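Have a look at upload19.tsv below; it lists TSV, C-alpha atoms and all ligand atoms.
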```tsv
chain	number	residue	atom	x	y	z
Q	1	ILE	CA	-4.65	-31.25	3.31
Q	2	ASN	CA	-7.29	-29.27	5.16
Q	3	SER	CA	-6.45	-25.85	3.72
Q	4	LYS	CA	-6.85	-22.83	5.99
Q	5	LEU	CA	-7.24	-20.64	2.89
Q	6	PRO	CA	-9.19	-22.81	0.44
Q	7	HIS	CA	-10.12	-19.92	-1.87
Q	8	VAL	CA	-6.67	-18.40	-2.16
Q	9	SER	CA	-4.60	-18.98	-5.29
Q	10	THR	CA	-1.41	-17.35	-6.63
Q	11	THR	CA	-1.66	-13.55	-6.39
Q	12	ILE	CA	-2.56	-11.55	-9.48
Q	13	PHE	CA	0.78	-9.69	-9.15
Q	14	THR	CA	2.72	-12.92	-9.65
Q	15	VAL	CA	0.38	-14.11	-12.39
Q	16	MET	CA	0.64	-10.89	-14.43
Q	17	SER	CA	4.37	-10.34	-13.87
Q	18	ASP	CA	5.06	-13.95	-14.96
Q	19	LEU	CA	2.85	-13.48	-18.03
Q	20	ALA	CA	4.66	-10.21	-18.86
Q	21	ARG	CA	8.03	-11.98	-18.67
Q	22	GLU	CA	6.83	-14.92	-20.74
Q	23	HIS	CA	5.55	-12.68	-23.53
Q	24	GLY	CA	8.18	-9.95	-23.38
Q	25	ALA	CA	5.54	-7.35	-22.41
Q	26	ILE	CA	6.16	-3.97	-20.78
Q	27	ASN	CA	5.29	-4.67	-17.17
Q	28	LEU	CA	2.95	-2.01	-15.81
Q	29	SER	CA	1.21	-4.63	-13.66
Q	30	GLN	CA	3.00	-5.32	-10.36
Q	31	GLY	CA	3.72	-2.13	-8.44
Q	32	PHE	CA	7.46	-1.62	-8.30
Q	33	PRO	CA	9.83	0.95	-9.81
Q	34	SER	CA	11.67	-0.20	-12.95
Q	35	PHE	CA	14.38	2.41	-12.29
Q	36	SER	CA	17.23	2.36	-9.81
Q	37	THR	CA	17.28	3.72	-6.28
Q	38	ASP	CA	19.74	6.44	-5.21
Q	39	ASP	CA	23.46	5.51	-5.50
Q	40	HIS	CA	24.00	7.08	-2.07
Q	41	LEU	CA	21.53	4.68	-0.47
Q	42	LYS	CA	23.21	1.77	-2.27
Q	43	SER	CA	26.59	2.84	-0.92
Q	44	LEU	CA	25.17	3.16	2.60
Q	45	ILE	CA	24.06	-0.46	2.59
Q	46	LYS	CA	27.42	-1.61	1.26
Q	47	ASN	CA	29.08	0.29	4.11
Q	48	ALA	CA	26.69	-1.23	6.64
Q	49	ILE	CA	27.66	-4.72	5.53
Q	50	THR	CA	31.38	-3.89	5.37
Q	51	ASN	CA	31.18	-2.37	8.84
Q	52	ASP	CA	29.78	-5.65	10.12
Q	53	HIS	CA	26.18	-4.82	10.95
Q	54	ASN	CA	25.46	-8.38	9.97
Q	55	GLN	CA	23.94	-9.95	13.07
Q	56	TYR	CA	20.47	-9.65	14.55
Q	57	ALA	CA	19.11	-6.13	14.92
Q	58	PRO	CA	17.22	-5.17	18.09
Q	59	MET	CA	13.76	-6.79	18.11
Q	60	GLN	CA	11.86	-3.55	17.55
Q	61	GLY	CA	14.36	-2.16	15.04
Q	62	LEU	CA	17.45	0.01	15.45
Q	63	LEU	CA	16.89	2.89	17.81
Q	64	SER	CA	18.49	5.30	15.29
Q	65	ILE	CA	15.92	4.46	12.58
Q	66	ARG	CA	13.07	4.71	15.07
Q	67	VAL	CA	14.33	8.14	16.13
Q	68	SER	CA	14.59	9.27	12.48
Q	69	LEU	CA	11.10	7.97	11.80
Q	70	SER	CA	9.66	9.62	14.87
Q	71	ASN	CA	11.11	12.98	13.71
Q	72	LEU	CA	9.84	12.46	10.17
Q	73	ILE	CA	6.29	11.66	11.35
Q	74	HIS	CA	6.36	14.67	13.63
Q	75	ASN	CA	7.45	16.93	10.74
Q	76	CYS	CA	4.82	15.55	8.38
Q	77	TYR	CA	1.80	15.11	10.65
Q	78	GLY	CA	2.58	16.98	13.87
Q	79	ALA	CA	2.18	13.72	15.80
Q	80	ILE	CA	4.53	12.41	18.46
Q	81	TYR	CA	5.42	8.71	18.54
Q	82	ARG	CA	7.97	7.67	21.11
Q	83	PRO	CA	10.86	5.74	19.51
Q	84	ASP	CA	11.19	3.42	22.52
Q	85	ASP	CA	7.69	2.00	22.77
Q	86	GLU	CA	5.51	3.23	19.88
Q	87	ILE	CA	7.48	2.31	16.73
Q	88	CYS	CA	8.48	-1.03	15.22
Q	89	ILE	CA	10.48	-1.69	12.04
Q	90	THR	CA	9.00	-4.56	10.02
Q	91	ALA	CA	9.75	-6.76	7.03
Q	92	GLY	CA	7.67	-4.55	4.74
Q	93	ALA	CA	4.15	-3.27	5.21
Q	94	THR	CA	2.77	-6.74	4.53
Q	95	GLN	CA	4.30	-8.12	7.72
Q	96	ALA	CA	3.15	-5.07	9.67
Q	97	ILE	CA	-0.45	-5.52	8.47
Q	98	PHE	CA	-0.39	-9.25	9.24
Q	99	THR	CA	1.10	-8.64	12.67
Q	100	ALA	CA	-1.41	-5.93	13.60
Q	101	ILE	CA	-4.30	-8.18	12.58
Q	102	GLN	CA	-2.92	-11.18	14.50
Q	103	ALA	CA	-2.41	-8.96	17.54
Q	104	ILE	CA	-6.02	-7.81	17.85
Q	105	VAL	CA	-8.39	-10.17	16.01
Q	106	HIS	CA	-9.89	-13.06	17.98
Q	107	PRO	CA	-11.85	-15.91	16.36
Q	108	GLY	CA	-15.27	-14.64	15.29
Q	109	ASP	CA	-14.30	-10.96	15.34
Q	110	GLU	CA	-15.37	-8.92	12.33
Q	111	VAL	CA	-12.99	-6.65	10.45
Q	112	ILE	CA	-14.33	-4.07	8.00
Q	113	TYR	CA	-12.35	-3.00	4.94
Q	114	PHE	CA	-13.18	-1.35	1.64
Q	115	THR	CA	-13.14	-2.96	-1.79
Q	116	PRO	CA	-11.40	-2.91	-4.18
Q	117	ALA	CA	-8.86	-3.76	-1.47
Q	118	TYR	CA	-5.19	-4.62	-1.45
Q	119	ASP	CA	-5.03	-8.39	-1.47
Q	120	CYS	CA	-3.26	-9.17	1.83
Q	121	TYR	CA	-6.02	-7.97	4.19
Q	122	GLU	CA	-8.57	-10.72	3.72
Q	123	PRO	CA	-6.30	-13.79	4.20
Q	124	ALA	CA	-4.67	-12.16	7.24
Q	125	ILE	CA	-8.09	-11.70	8.86
Q	126	GLN	CA	-9.06	-15.28	8.03
Q	127	LEU	CA	-5.84	-16.74	9.42
Q	128	ALA	CA	-6.56	-14.97	12.71
Q	129	GLY	CA	-9.99	-16.66	12.75
Q	130	GLY	CA	-11.69	-13.34	12.05
Q	131	ILE	CA	-14.52	-12.61	9.66
Q	132	PRO	CA	-13.72	-10.34	6.71
Q	133	VAL	CA	-16.46	-7.74	6.16
Q	134	PRO	CA	-15.79	-6.01	2.83
Q	135	ILE	CA	-17.73	-2.84	2.00
Q	136	SER	CA	-17.80	-1.81	-1.67
Q	137	MET	CA	-16.62	1.65	-2.58
Q	138	ASP	CA	-18.52	3.49	-5.27
Q	139	VAL	CA	-16.90	2.11	-8.45
Q	140	GLN	CA	-17.06	5.46	-10.24
Q	141	ASN	CA	-15.24	7.68	-7.72
Q	142	PHE	CA	-14.15	5.17	-5.06
Q	143	ALA	CA	-15.88	7.12	-2.31
Q	144	ILE	CA	-16.74	5.47	1.01
Q	145	ASP	CA	-20.36	5.59	2.17
Q	146	TRP	CA	-19.88	6.27	5.89
Q	147	ASP	CA	-23.58	5.76	6.67
Q	148	LEU	CA	-23.26	2.28	5.24
Q	149	VAL	CA	-20.16	1.71	7.35
Q	150	LYS	CA	-22.10	2.76	10.46
Q	151	GLN	CA	-24.90	0.34	9.60
Q	152	THR	CA	-22.39	-2.46	9.01
Q	153	ILE	CA	-20.68	-2.14	12.39
Q	154	SER	CA	-21.93	-4.89	14.72
Q	155	ASN	CA	-21.09	-5.91	18.24
Q	156	LYS	CA	-18.53	-8.28	16.74
Q	157	THR	CA	-16.67	-5.55	14.81
Q	158	VAL	CA	-13.19	-4.96	16.21
Q	159	ALA	CA	-11.38	-3.07	13.48
Q	160	ILE	CA	-11.60	-1.07	10.27
Q	161	ILE	CA	-8.79	-1.18	7.72
Q	162	ILE	CA	-8.27	1.86	5.53
Q	163	ASN	CA	-5.77	2.51	2.74
Q	164	THR	CA	-4.93	6.03	1.62
Q	165	PRO	CA	-3.58	6.89	-0.96
Q	166	HIS	CA	-5.50	3.95	-2.29
Q	167	ASN	CA	-4.27	0.96	-4.23
Q	168	PRO	CA	-5.63	0.32	-6.88
Q	169	SER	CA	-7.76	3.46	-7.50
Q	170	GLY	CA	-5.18	6.18	-6.72
Q	171	THR	CA	-7.75	8.16	-4.68
Q	172	VAL	CA	-6.90	9.85	-1.38
Q	173	MET	CA	-9.20	10.14	1.60
Q	174	SER	CA	-10.35	13.65	2.52
Q	175	LYS	CA	-10.34	15.32	5.91
Q	176	GLU	CA	-14.12	14.73	6.03
Q	177	ASP	CA	-13.55	11.00	5.43
Q	178	MET	CA	-11.07	10.87	8.29
Q	179	LEU	CA	-13.43	12.72	10.62
Q	180	CYS	CA	-16.25	10.27	9.80
Q	181	LEU	CA	-13.88	7.37	10.39
Q	182	GLN	CA	-12.67	8.88	13.66
Q	183	LYS	CA	-16.22	9.29	14.95
Q	184	LEU	CA	-17.08	5.66	14.22
Q	185	VAL	CA	-13.82	4.32	15.65
Q	186	VAL	CA	-14.17	6.35	18.85
Q	187	ASP	CA	-17.94	5.89	19.31
Q	188	HIS	CA	-17.76	2.12	18.82
Q	189	GLY	CA	-14.41	1.51	20.54
Q	190	LEU	CA	-12.83	0.08	17.38
Q	191	ILE	CA	-9.23	-0.15	16.22
Q	192	CYS	CA	-8.11	1.32	12.92
Q	193	ILE	CA	-5.41	-0.26	10.77
Q	194	SER	CA	-4.30	2.53	8.47
Q	195	ASP	CA	-2.31	1.37	5.45
Q	196	GLU	CA	-0.45	4.52	4.40
Q	197	VAL	CA	2.32	2.99	2.28
Q	198	TYR	CA	1.90	5.66	-0.44
Q	199	GLU	CA	1.85	8.53	2.11
Q	200	HIS	CA	4.49	10.58	0.27
Q	201	ILE	CA	3.07	10.03	-3.23
Q	202	VAL	CA	0.27	12.59	-3.51
Q	203	PHE	CA	-0.48	14.91	-6.43
Q	204	ASP	CA	-1.94	18.31	-7.38
Q	205	ASP	CA	-3.72	20.01	-4.47
Q	206	ASN	CA	-4.38	16.78	-2.64
Q	207	LYS	CA	-2.92	16.25	0.80
Q	208	HIS	CA	-2.27	12.96	2.55
Q	209	MET	CA	-4.47	12.63	5.61
Q	210	SER	CA	-2.66	10.41	8.07
Q	211	ALA	CA	-4.55	8.80	10.93
Q	212	ALA	CA	-1.69	10.25	13.00
Q	213	SER	CA	-3.07	13.77	12.49
Q	214	PHE	CA	-6.42	13.02	14.17
Q	215	GLU	CA	-6.13	12.70	17.91
Q	216	GLY	CA	-8.96	10.24	18.45
Q	217	LEU	CA	-7.76	8.06	15.61
Q	218	LYS	CA	-4.10	8.25	16.59
Q	219	GLU	CA	-4.92	6.72	19.98
Q	220	ARG	CA	-6.65	3.76	18.35
Q	221	SER	CA	-4.65	3.17	15.14
Q	222	PHE	CA	-1.87	1.03	13.86
Q	223	ILE	CA	-0.32	3.17	11.12
Q	224	ILE	CA	1.67	1.26	8.56
Q	225	GLY	CA	4.29	2.51	6.12
Q	226	SER	CA	6.76	1.04	3.64
Q	227	PHE	CA	10.27	2.27	2.88
Q	228	GLY	CA	9.98	0.30	-0.36
Q	229	LYS	CA	7.53	2.79	-1.89
Q	230	THR	CA	9.25	5.91	-0.64
Q	231	TYR	CA	12.86	5.08	-1.53
Q	232	HIS	CA	12.37	2.88	-4.64
Q	233	ILE	CA	13.48	-0.27	-2.79
Q	234	THR	CA	10.46	-2.59	-2.81
Q	235	GLY	CA	12.83	-5.58	-2.87
Q	236	TRP	CA	14.36	-4.62	0.46
Q	237	LYS	CA	11.00	-5.41	2.10
Q	238	THR	CA	11.35	-2.94	4.95
Q	239	GLY	CA	8.50	-1.02	6.51
Q	240	TYR	CA	7.15	0.02	9.86
Q	241	CYS	CA	4.24	0.28	12.21
Q	242	VAL	CA	3.59	3.11	14.63
Q	243	ALA	CA	0.87	2.94	17.27
Q	244	SER	CA	0.02	4.07	20.77
Q	245	LYS	CA	1.95	2.29	23.52
Q	246	VAL	CA	-1.01	0.07	24.45
Q	247	LEU	CA	-1.47	-1.15	20.87
Q	248	MET	CA	2.27	-1.41	20.19
Q	249	LYS	CA	2.70	-3.66	23.23
Q	250	GLU	CA	0.33	-6.20	21.65
Q	251	PHE	CA	1.91	-5.73	18.21
Q	252	LEU	CA	5.38	-6.52	19.59
Q	253	LYS	CA	4.18	-9.72	21.24
Q	254	VAL	CA	3.36	-11.06	17.77
Q	255	HIS	CA	6.31	-9.43	15.99
Q	256	GLN	CA	8.89	-11.03	18.26
Q	257	TYR	CA	7.64	-14.52	17.43
Q	258	LEU	CA	6.84	-13.92	13.76
Q	259	VAL	CA	10.22	-12.51	12.67
Q	260	PHE	CA	11.85	-11.38	15.96
Q	261	CYS	CA	13.68	-8.60	14.07
Q	262	VAL	CA	14.30	-7.51	10.49
Q	263	ASN	CA	17.29	-7.03	8.19
Q	264	HIS	CA	20.02	-5.23	10.14
Q	265	PRO	CA	22.26	-3.68	7.42
Q	266	ILE	CA	19.21	-2.25	5.66
Q	267	GLN	CA	18.15	-0.54	8.86
Q	268	VAL	CA	21.63	0.94	9.36
Q	269	ALA	CA	21.56	2.33	5.81
Q	270	LEU	CA	18.01	3.69	6.10
Q	271	ALA	CA	18.64	5.28	9.50
Q	272	GLU	CA	21.41	7.35	7.94
Q	273	TYR	CA	19.44	8.08	4.78
Q	274	LEU	CA	16.36	9.28	6.68
Q	275	LYS	CA	18.39	12.09	8.23
Q	276	THR	CA	18.25	13.97	4.90
Q	277	PRO	CA	14.57	14.65	4.29
Q	278	LYS	CA	14.82	15.74	0.66
Q	279	HIS	CA	13.95	12.38	-0.92
Q	280	TYR	CA	10.41	11.98	0.30
Q	281	LEU	CA	9.71	15.70	-0.11
Q	282	GLU	CA	10.40	15.40	-3.84
Q	283	LEU	CA	8.49	12.18	-4.35
Q	284	GLY	CA	5.07	13.65	-5.14
Q	285	ALA	CA	6.44	15.89	-7.91
Q	286	PHE	CA	8.61	13.04	-9.21
Q	287	TYR	CA	5.62	10.71	-9.69
Q	288	GLN	CA	3.23	13.46	-10.75
Q	289	ARG	CA	5.48	14.12	-13.75
Q	290	LYS	CA	5.36	10.43	-14.66
Q	291	ARG	CA	1.57	10.30	-14.25
Q	292	ASP	CA	1.21	13.38	-16.48
Q	293	LEU	CA	3.57	12.00	-19.11
Q	294	PHE	CA	1.57	8.77	-19.32
Q	295	LEU	CA	-1.84	10.46	-19.32
Q	296	SER	CA	-0.89	13.21	-21.79
Q	297	LEU	CA	-0.23	10.49	-24.36
Q	298	LEU	CA	-3.58	8.84	-23.63
Q	299	LYS	CA	-5.59	12.04	-23.94
Q	300	ASP	CA	-7.09	11.16	-27.32
Q	301	SER	CA	-7.22	7.41	-26.72
Q	302	MET	CA	-10.33	5.25	-26.25
Q	303	PHE	CA	-9.57	4.95	-22.52
Q	304	LYS	CA	-11.43	7.08	-19.99
Q	305	PHE	CA	-9.77	8.13	-16.76
Q	306	SER	CA	-9.60	10.51	-13.81
Q	307	PRO	CA	-5.99	11.35	-13.00
Q	308	ALA	CA	-4.75	9.49	-9.90
Q	309	GLN	CA	-4.69	11.72	-6.80
Q	310	GLY	CA	-1.92	9.66	-5.22
Q	311	SER	CA	-0.04	6.30	-5.26
Q	312	TYR	CA	1.75	5.18	-8.42
Q	313	PHE	CA	-1.27	3.58	-10.02
Q	314	GLN	CA	-3.59	4.86	-12.72
Q	315	LEU	CA	-6.92	3.22	-13.54
Q	316	LEU	CA	-8.00	3.24	-17.17
Q	317	ASP	CA	-11.61	2.51	-18.12
Q	318	TYR	CA	-11.71	0.45	-21.33
Q	319	SER	CA	-15.49	0.16	-21.73
Q	320	SER	CA	-15.35	2.06	-25.06
Q	321	ILE	CA	-12.96	-0.55	-26.46
Q	322	THR	CA	-14.51	-3.87	-25.47
Q	323	ASN	CA	-17.03	-5.51	-23.22
Q	324	GLU	CA	-14.56	-8.24	-22.33
Q	325	HIS	CA	-14.06	-9.27	-18.68
Q	326	ASP	CA	-11.10	-7.40	-17.19
Q	327	VAL	CA	-9.04	-10.52	-16.38
Q	328	SER	CA	-9.34	-11.79	-19.93
Q	329	PHE	CA	-8.71	-8.32	-21.44
Q	330	ALA	CA	-5.61	-7.80	-19.23
Q	331	LYS	CA	-4.22	-11.18	-20.30
Q	332	ARG	CA	-4.94	-10.48	-23.98
Q	333	LEU	CA	-3.28	-7.04	-23.75
Q	334	THR	CA	-0.21	-8.71	-22.29
Q	335	ILE	CA	0.01	-11.50	-24.83
Q	336	GLU	CA	-1.08	-9.66	-28.00
Q	337	ASN	CA	-0.15	-6.02	-27.32
Q	338	LYS	CA	2.77	-6.58	-24.93
Q	339	ILE	CA	1.43	-4.36	-22.11
Q	340	ALA	CA	0.80	-5.96	-18.73
Q	341	SER	CA	-1.65	-4.40	-16.25
Q	342	ILE	CA	-3.74	-5.53	-13.28
Q	343	PRO	CA	-7.46	-6.32	-13.64
Q	344	ILE	CA	-9.11	-4.78	-10.58
Q	345	SER	CA	-12.02	-7.21	-10.32
Q	346	VAL	CA	-9.69	-9.52	-8.39
Q	347	PHE	CA	-9.76	-7.04	-5.49
Q	348	MET	CA	-13.54	-6.90	-5.19
Q	349	SER	CA	-16.78	-8.82	-5.57
Q	350	ASN	CA	-18.09	-6.59	-8.38
Q	351	ASP	CA	-16.91	-8.48	-11.42
Q	352	ASN	CA	-17.90	-5.99	-14.05
Q	353	THR	CA	-15.74	-2.90	-13.61
Q	354	LYS	CA	-14.04	-2.59	-17.04
Q	355	LYS	CA	-11.06	-0.91	-15.43
Q	356	LEU	CA	-7.42	-1.92	-15.50
Q	357	ARG	CA	-4.68	-0.67	-13.18
Q	358	PHE	CA	-1.42	0.58	-14.71
Q	359	CYS	CA	1.67	1.23	-12.57
Q	360	PHE	CA	3.53	4.36	-13.68
Q	361	ALA	CA	6.57	3.84	-11.42
Q	362	LYS	CA	8.41	3.01	-14.61
Q	363	LYS	CA	11.13	4.52	-16.81
Q	364	ASP	CA	9.86	7.29	-19.09
Q	365	ASP	CA	10.63	5.35	-22.27
Q	366	GLU	CA	8.55	2.40	-21.00
Q	367	LEU	CA	5.65	4.73	-20.20
Q	368	ILE	CA	5.88	6.38	-23.63
Q	369	GLN	CA	6.09	3.05	-25.43
Q	370	ALA	CA	3.19	1.63	-23.42
Q	371	ALA	CA	0.98	4.71	-23.91
Q	372	ASN	CA	1.61	4.67	-27.66
Q	373	ILE	CA	0.48	1.06	-27.87
Q	374	LEU	CA	-2.60	1.75	-25.73
Q	375	LYS	CA	-3.45	4.84	-27.77
Q	376	ALA	CA	-3.58	2.74	-30.94
Q	377	LEU	CA	-6.27	0.42	-29.52
M	401	LIG	N1	-0.30	-2.05	1.14
M	401	LIG	C1	-0.49	-1.59	-0.08
M	401	LIG	C2	-1.71	-0.77	-0.37
M	401	LIG	C3	0.41	-1.86	-1.10
M	401	LIG	O1	0.21	-1.41	-2.33
M	401	LIG	C4	1.56	-2.64	-0.79
M	401	LIG	C5	2.61	-2.97	-1.81
M	401	LIG	N2	2.23	-2.94	-3.08
M	401	LIG	C6	1.71	-3.10	0.51
M	401	LIG	C7	0.76	-2.79	1.46
M	401	LIG	C8	2.88	-3.95	0.90
M	401	LIG	O2	4.06	-3.24	1.04
M	401	LIG	P1	5.45	-3.97	1.30
M	401	LIG	O3	6.02	-4.32	-0.03
M	401	LIG	O4	6.28	-2.99	2.05
M	401	LIG	O5	5.17	-5.20	2.09
M	402	LIG	N1	1.78	-4.00	-3.78
M	402	LIG	C1	2.23	-4.25	-5.13
M	402	LIG	C2	1.11	-3.92	-6.11
M	402	LIG	O1	0.06	-3.50	-5.72
M	402	LIG	C3	2.60	-5.67	-5.32
M	402	LIG	C4	3.25	-6.36	-4.22
M	402	LIG	C5	3.17	-7.85	-4.41
M	402	LIG	O2	3.48	-8.36	-5.47
M	402	LIG	N2	2.69	-8.51	-3.42
M	402	LIG	O3	1.29	-4.09	-7.27
```

Starting from the coordinates I provided, produce the structure as structure tokens.
Ligand code: PMP
Ligand code: GLN
Amino acid sequence: INSKLPHVSTTIFTVMSDLAREHGAINLSQGFPSFSTDDHLKSLIKNAITNDHNQYAPMQGLLSIRVSLSNLIHNCYGAIYRPDDEICITAGATQAIFTAIQAIVHPGDEVIYFTPAYDCYEPAIQLAGGIPVPISMDVQNFAIDWDLVKQTISNKTVAIIINTPHNPSGTVMSKEDMLCLQKLVVDHGLICISDEVYEHIVFDDNKHMSAASFEGLKERSFIIGSFGKTYHITGWKTGYCVASKVLMKEFLKVHQYLVFCVNHPIQVALAEYLKTPKHYLELGAFYQRKRDLFLSLLKDSMFKFSPAQGSYFQLLDYSSITNEHDVSFAKRLTIENKIASIPISVFMSNDNTKKLRFCFAKKDDELIQAANILKAL
């Protein structure tokens, strides 16, 4: 077969989660909560099914969930997105990202993104016939060199993908970053795809900077979120895209033929749940406590780290322990020490980072057990 993605193999998340299962390891690799979601949300979905919301939902998503989302975004970022023509409910952020890319990338168009990068961007660009243009972040602090971005923009560049809070580094973009991005996007007539799936998971004095809060960016951005991250329901695969009417019109042309619409009872349950804002408001403190629990136990370990500013991922630098390649060290830790993590070299071209990503969206006893094993290395 003439593969359209000859270099793609099984994702590292599947590889490491399978290895964790096979060896009975604590799974801090794939990013998903190991604890349960709210019983109230579970009962809402049961009601939605019992009350027969079991046929196709409207193509763009239920109006009630779009209205709730529009209010939520307005409360958080002061931005107005019209429920009728600027919001679409998607089958997770992954589908939203794929759809946005398909909607705007023509063959030969260049799309800039920053590495280490979440793994679904590159194949989506390639499947649209576009040319992926990765720019490396500084591997020490994961900062973006905006002068380099400016130099990299060509007359074929159509879009820049950003991700804040960032997977896998846990860094968040600053206001200055967003202003630099905005200037480039506006000056060069580009489109921004802003992956903000961890928008409500931000720690300490950091603040999430949404593209929605910057007028020039808002006009030219697809902003993508995931209910999975915010409500501990990654398996429900429900997310959304908001964008200006002009961009959303193109997005919907692809969406209606990719999935047409997404899971109806889940939308009914979430629409109701979103009316009570307390869950996402508590999320930062909830995960900050887990981050601090994990890191407090690693304080005197051989690992070096800067506490994550956001997301539910913590990088640990193991260069004082071994010189081993991160993929091989991550596999050995899983098999021999029963702790699974994600080697971050798979998200970038720099193969020599000596950093592993640990997901702390896990039960406290798992975090304690894992940290005690890591501390003994
Ligand atoms: N973007 C990033 C940065 C992610 O970490 C994830 C999920 N881990 C996604 C997108 C995909 O989200 P979803 O599961 O809603 O498709
Ligand atoms: N986004 C999750 C992570 O970063 C994994 C999702 C997946 O397995 N595709 O771990």

Pick from Q:Asp300, Q:Glu199, Q:Asp326, Q:Asp145 nearest to Thr353 in chain Q, counting only C-alpha atoms: Q:Asp326

Top pick for closest residue to ligand LIG 401 (chain M), considering Q:His166, Q:His264, Q:Lys275, Q:Lys362 and counting all atoms listed in the file: Q:His166

Contacts of ligand LIG 401 (chain M), 7 Å or closer, only C-alpha atoms and all ligand atoms, given as a list in words: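 Written in the requested form, the residues are Gly31, Ala91, Gly92, Ala93, Thr94, Gln95, Tyr118, Asn163, His166, Asn167, Asp195, Val197, Ser226, Phe227, Gly228, Thr234, Lys237, Thr238 and Gly239 of chain Q.
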
Distance criterion (all atoms listed in the file): nearest to Asp84 in chain Q out of Q:Val158, Q:Leu293, Q:Val242, Q:Leu283: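 The shortest atom-to-atom distance to Asp84 in chain Q comes from Q:Val242.
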
10 Å shell around ligand LIG 402 (chain M) using all atoms listed in the file, listed as JSON, numbers by chain: {"Q": [11, 12, 13, 14, 15, 16, 17, 28, 29, 30, 31, 32, 93, 94, 117, 118, 119, 120, 166, 167, 168, 197, 228, 229, 234, 235, 311, 312, 313, 341, 342, 357, 358, 359]}

Minimum-distance residue to Lys363 in chain Q, chosen among Q:Leu179, Q:Phe294, Q:Gly216, Q:Ser68 (using all atoms listed in the file): Q:Phe294

Proximity to Phe214 in chain Q - best of Q:Leu356, Q:Ile80, Q:Ala376, Q:Val111, only C-alpha atoms: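 So, comparing all the options, the nearest one is Q:Ile80.
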
Between CA of Ser136 in chain Q and CA of Arg220 in chain Q, distance in Å (one decimal): 23.6 Å

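For the set Q:Leu5, Q:Leu127, Q:Ala330, Q:Met302, the residue with the smallest atom-to-atom gap to Tyr318 in chain Q is Q:Met302, counting all atoms listed in the file.
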
Å distance separating CA of Val259 in chain Q from CA of Gly225 in chain Q, one decimal place: 17.4 Å

Contacts of Ile191 in chain Q at 8 Å (all atoms listed in the file; same-chain gap of 2+ positions) as a ChimeraX atom specification: /Q:158-160,185,189,193,220-222

Point (6.1, -6.1, 12.8) neighbourhood (10 Å, all atoms listed in the file) written as a ChimeraX atom specification: /Q:59-61,87-100,224,238-242,248,251-262

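CA of Pro83 in chain Q is positioned 17.5 Å from CA of Ser213 in chain Q.
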